[in-house]
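First comes the structure, then the notes that go with it.
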Amino acid sequence: MNKKHWLDCAPSLTHGNIVQRVIFTQRDSKTATAEGAILNHVDSFARGCLAAGATSAPHINKGFQEVFFVAAGSGTLIAAGKNHALREGDGILIPPAVKHSFVNNDCSPLELLILVESIPAGLATTNTEILIRNYRQSPIVQAHWHHFSQSIFNQKDGLTELHSILIVRMEPMTTADMHSHESDMDEIWYMWKGAGMHVVSRDVSLQSPGTALAVAPCNPGHMLINHTNEPLEAFYFAHYV
């Protein structure tokens, strides 16, 4: 089982002064034995924080795009000369060649989850402007008994390597059905709010807030259980087979 809490990851800087903790990175011949290098298709997954009153350095993506999720706080995204208000639950898809920076004009930190995916050679992105969507705008879809998911982005929105980014909610004292995944896919669960017990293959692990867990491969399967008296909400992303 590949499981990491962001607090156990070394800090670094991105976009000038966003303090990030990279949780998982892509597996390749050079990183095959590196801790957290488990992703097959996604470049990296990190938790970032922009201090109150701070502004990140202007940044342009070259050959890759980024997805940010506002996990806590509020702020402003400046992109292509326009200001966009941000609130908790917003997803932001930033394609290549768009200059952007974040402003935290609040009195509390702006907490961001950050996904990076490279653009495959010869493939042009379908979107040339940023896209902002709050997951609460999406319909609720039920799956695996008690997963209530709301989409943030999918490939129709311009994702290239990722197929789906969701928020998944489970009500108190509920369990999902066990189902399996193959080794050549990515499926990551990051516990955003609440806590649960995650069964992956024959391992059982408490998944507390701030913990990311990879569930592929898993045999005979995996299942998430909300054993608490409070709802849980997980940030989920996947590249399917």
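Just so we're on the same page: first chain in the structure tokens is A, next is B, and so on; residues restart at 1 for each chain, and ligands are numbered from 1 in the order they show up.
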
Identify, with DSSP run on backbone atoms, the residues in region 7-155 of chain A assigned to strand (DSSP E), and express the list as a PyMOL selection string. chain A and resi 11-14+18-26+37-39+44-50+64-72+75-79+82-86+90-94+100-103+110-118+131-134+141-143+147-154

Do a neighbour search on Arg27 (chain A) at 6 Å with only C-alpha atoms, toss out local chain neighbours closer than 5 positions, and write the hits as a ChimeraX atom specification. /A:32,37-40

Only C-alpha atoms, please: the residues just picked out, written as an mmCIF file, in the first residue's frame.
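The new file part33.cif reads:
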data_model
loop_
_atom_site.group_PDB
_atom_site.id
_atom_site.type_symbol
_atom_site.label_atom_id
_atom_site.label_comp_id
_atom_site.auth_asym_id
_atom_site.auth_seq_id
_atom_site.Cartn_x
_atom_site.Cartn_y
_atom_site.Cartn_z
ATOM 1 C CA ALA A 32 11.993 3.574 -9.668
ATOM 2 C CA ALA A 37 7.504 7.723 -7.200
ATOM 3 C CA ILE A 38 4.443 5.611 -7.953
ATOM 4 C CA LEU A 39 2.425 7.430 -10.632
ATOM 5 C CA ASN A 40 2.245 5.946 -14.102
#

Can you pull out the residues contacting Leu232 (chain A)? Cut-off 10 Å, using only C-alpha atoms, and skip same-chain residues under 4 positions away; I want them as a list in words.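 Answer for this query is Val168, Arg169, Met170, Glu171, Pro172, Met191, Trp192, Lys193, Gly194, Ala195, Gly196, Ser208, Pro209, Ile225, Asn226, His227 and Thr228 of chain A.
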
Selection: 6 Å around Val199 (chain A), only C-alpha atoms, excl. self and same-chain fewer than 3 positions, as a PDB file with C-alpha atoms, in the first residue's frame:
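Output contents, as saved in selection_33.pdb:
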ATOM      1  CA  ASP A 203      -4.141  -4.282   4.158  1.00  0.00           C
ATOM      2  CA  VAL A 204      -6.377  -2.089   6.301  1.00  0.00           C
ATOM      3  CA  HIS A 222     -10.139  -1.989  -2.405  1.00  0.00           C
ATOM      4  CA  MET A 223     -12.976  -0.413  -0.441  1.00  0.00           C
TER       5      MET A 223
END

Could you give me, as a Markdown table, every region 30-76 of chain A residue with an atom at most 6 Å from region 97-108 of chain A, plus its closest atom pair and distance in Å to one decimal, counting only C-alpha atoms, rows ordered by chain then number?
| residue | atom | partner | partner_atom | distance |
| --- | --- | --- | --- | --- |
| A:Ala52 | CA | A:Ser108 | CA | 5.1 |
| A:Gly53 | CA | A:Asn105 | CA | 5.1 |
| A:Ala54 | CA | A:Asn104 | CA | 5.4 |
| A:Thr55 | CA | A:Val103 | CA | 4.4 |
| A:Ser56 | CA | A:Phe102 | CA | 5.2 |
| A:Ala57 | CA | A:Ser101 | CA | 5.9 |
| A:Pro58 | CA | A:Ser101 | CA | 4.8 |
| A:His59 | CA | A:Lys99 | CA | 5.4 |
| A:Ile60 | CA | A:Lys99 | CA | 4.7 |
| A:Asn61 | CA | A:Ala97 | CA | 5.6 |
| A:Gly75 | CA | A:Asn104 | CA | 4.6 |
| A:Thr76 | CA | A:Val103 | CA | 5.0 |

Write the residues you've just listed into a file as a PDB file, in the first residue's frame, and include N, CA and C atoms for each of them.
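Output (selection_16.pdb):
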ATOM      1  N   ALA A  52      -0.941  34.104   4.084  1.00  0.00           N
ATOM      2  CA  ALA A  52      -1.877  35.223   4.097  1.00  0.00           C
ATOM      3  C   ALA A  52      -1.182  36.493   3.634  1.00  0.00           C
ATOM      4  N   GLY A  53      -1.826  37.235   2.731  1.00  0.00           N
ATOM      5  CA  GLY A  53      -1.285  38.487   2.227  1.00  0.00           C
ATOM      6  C   GLY A  53      -0.234  38.345   1.151  1.00  0.00           C
ATOM      7  N   ALA A  54       0.093  37.108   0.744  1.00  0.00           N
ATOM      8  CA  ALA A  54       1.173  36.881  -0.219  1.00  0.00           C
ATOM      9  C   ALA A  54       0.632  36.756  -1.645  1.00  0.00           C
ATOM     10  N   THR A  55       1.528  37.009  -2.607  1.00  0.00           N
ATOM     11  CA  THR A  55       1.230  36.847  -4.025  1.00  0.00           C
ATOM     12  C   THR A  55       2.303  35.975  -4.652  1.00  0.00           C
ATOM     13  N   SER A  56       1.896  34.964  -5.401  1.00  0.00           N
ATOM     14  CA  SER A  56       2.880  34.094  -6.043  1.00  0.00           C
ATOM     15  C   SER A  56       3.491  34.796  -7.256  1.00  0.00           C
ATOM     16  N   ALA A  57       4.649  34.310  -7.675  1.00  0.00           N
ATOM     17  CA  ALA A  57       5.327  34.889  -8.840  1.00  0.00           C
ATOM     18  C   ALA A  57       4.574  34.524 -10.117  1.00  0.00           C
ATOM     19  N   PRO A  58       4.517  35.426 -11.098  1.00  0.00           N
ATOM     20  CA  PRO A  58       3.893  35.089 -12.385  1.00  0.00           C
ATOM     21  C   PRO A  58       4.565  33.864 -12.995  1.00  0.00           C
ATOM     22  N   HIS A  59       3.761  32.994 -13.563  1.00  0.00           N
ATOM     23  CA  HIS A  59       4.268  31.694 -14.018  1.00  0.00           C
ATOM     24  C   HIS A  59       3.582  31.318 -15.326  1.00  0.00           C
ATOM     25  N   ILE A  60       4.338  30.678 -16.232  1.00  0.00           N
ATOM     26  CA  ILE A  60       3.797  30.178 -17.493  1.00  0.00           C
ATOM     27  C   ILE A  60       4.177  28.707 -17.625  1.00  0.00           C
ATOM     28  N   ASN A  61       3.185  27.856 -17.852  1.00  0.00           N
ATOM     29  CA  ASN A  61       3.442  26.431 -18.055  1.00  0.00           C
ATOM     30  C   ASN A  61       3.928  26.193 -19.485  1.00  0.00           C
ATOM     31  N   GLY A  75      -9.046  33.524  -2.332  1.00  0.00           N
ATOM     32  CA  GLY A  75      -8.028  34.385  -2.931  1.00  0.00           C
ATOM     33  C   GLY A  75      -8.443  34.822  -4.313  1.00  0.00           C
ATOM     34  N   THR A  76      -7.449  35.220  -5.090  1.00  0.00           N
ATOM     35  CA  THR A  76      -7.678  35.699  -6.454  1.00  0.00           C
ATOM     36  C   THR A  76      -6.650  35.066  -7.380  1.00  0.00           C
TER      37      THR A  76
END

Give the answer as one residue: which of A:Leu93, A:Asn229, A:Ala121, A:Ile167 has the shortest atom-to-atom distance to Gln142 (chain A), using only C-alpha atoms?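 Result for the nearest residue to Gln142 (chain A): A:Ile167.
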
Leaving out His181 (chain A) and any residue of its chain fewer than 2 positions from it, which residues lie within 10 Å of it when counting only C-alpha atoms, given as a ChimeraX atom specification? /A:179,183-187,215-222,240-241

Residue nearest Trp189 (chain A) - candidates A:Ser118, A:Thr211, A:Ser44, A:Thr14, atoms counted: only C-alpha atoms: A:Thr211

Please identify all polymer residues within 8 Å of His144 (chain A), counting only C-alpha atoms, omitting same-chain residues fewer than 5 positions from it, and present them as a compact mmCIF listing (two decimals) with N, CA and C atoms, in the first residue's frame.
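Listed below is the output, result10.txt:
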# COMPACT_ATOMS: atom_id res chain seq x y z
N ALA A 176 -18.26 1.15 0.94
CA ALA A 176 -18.34 0.92 -0.50
C ALA A 176 -18.11 -0.56 -0.79
N ASP A 177 -18.51 -0.99 -1.99
CA ASP A 177 -18.24 -2.37 -2.36
C ASP A 177 -16.78 -2.52 -2.77
N MET A 178 -16.23 -3.70 -2.60
CA MET A 178 -14.84 -3.96 -2.97
C MET A 178 -14.74 -4.19 -4.47

I need the residue nearest Ala71 (chain A) from this list: A:Thr160, A:Ser149, A:Asn134, A:Thr128. Use only C-alpha atoms for the distance. A:Asn134

Closest of A:Asn127, A:Thr174, A:Asn2, A:Thr25 to Gln207 (chain A) - atom-to-atom distances counting only C-alpha atoms: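 Smallest separation from Gln207 (chain A) among the options: A:Asn2.
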
Run DSSP on the backbone and give me the residues of region 86-220 of chain A it puts in helix (DSSP H, G or I), as a PyMOL selection string. chain A and resi 135-137+155-157

Would you export the selected residues with N, CA and C atoms as a PDB file, in the first residue's frame, please?
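Generated file (selection_4.pdb):
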ATOM      1  N   TYR A 135     -16.783  22.159  -7.471  1.00  0.00           N
ATOM      2  CA  TYR A 135     -17.367  20.825  -7.569  1.00  0.00           C
ATOM      3  C   TYR A 135     -18.854  20.826  -7.212  1.00  0.00           C
ATOM      4  N   ARG A 136     -19.287  21.808  -6.410  1.00  0.00           N
ATOM      5  CA  ARG A 136     -20.697  21.863  -6.008  1.00  0.00           C
ATOM      6  C   ARG A 136     -21.619  22.191  -7.187  1.00  0.00           C
ATOM      7  N   GLN A 137     -21.048  22.647  -8.303  1.00  0.00           N
ATOM      8  CA  GLN A 137     -21.832  22.935  -9.495  1.00  0.00           C
ATOM      9  C   GLN A 137     -22.205  21.663 -10.256  1.00  0.00           C
ATOM     10  N   GLN A 155     -11.807  14.678 -19.237  1.00  0.00           N
ATOM     11  CA  GLN A 155     -11.109  14.929 -20.499  1.00  0.00           C
ATOM     12  C   GLN A 155     -11.899  15.826 -21.447  1.00  0.00           C
ATOM     13  N   LYS A 156     -13.202  15.927 -21.270  1.00  0.00           N
ATOM     14  CA  LYS A 156     -13.973  16.865 -22.080  1.00  0.00           C
ATOM     15  C   LYS A 156     -13.609  18.316 -21.743  1.00  0.00           C
ATOM     16  N   ASP A 157     -13.048  18.511 -20.561  1.00  0.00           N
ATOM     17  CA  ASP A 157     -12.644  19.853 -20.135  1.00  0.00           C
ATOM     18  C   ASP A 157     -11.228  20.198 -20.567  1.00  0.00           C
TER      19      ASP A 157
END

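Nearest to Cys49 (chain A) of all the residues A:Gly81, A:Pro96, A:Pro11, A:Pro139 is A:Pro11, counting only C-alpha atoms.
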
Give me, please, the distance in Å between CA of Val67 (chain A) and CA of Asn17 (chain A), quoted to one decimal.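 Going from CA of Val67 (chain A) over to CA of Asn17 (chain A), I get 17.6 Å.
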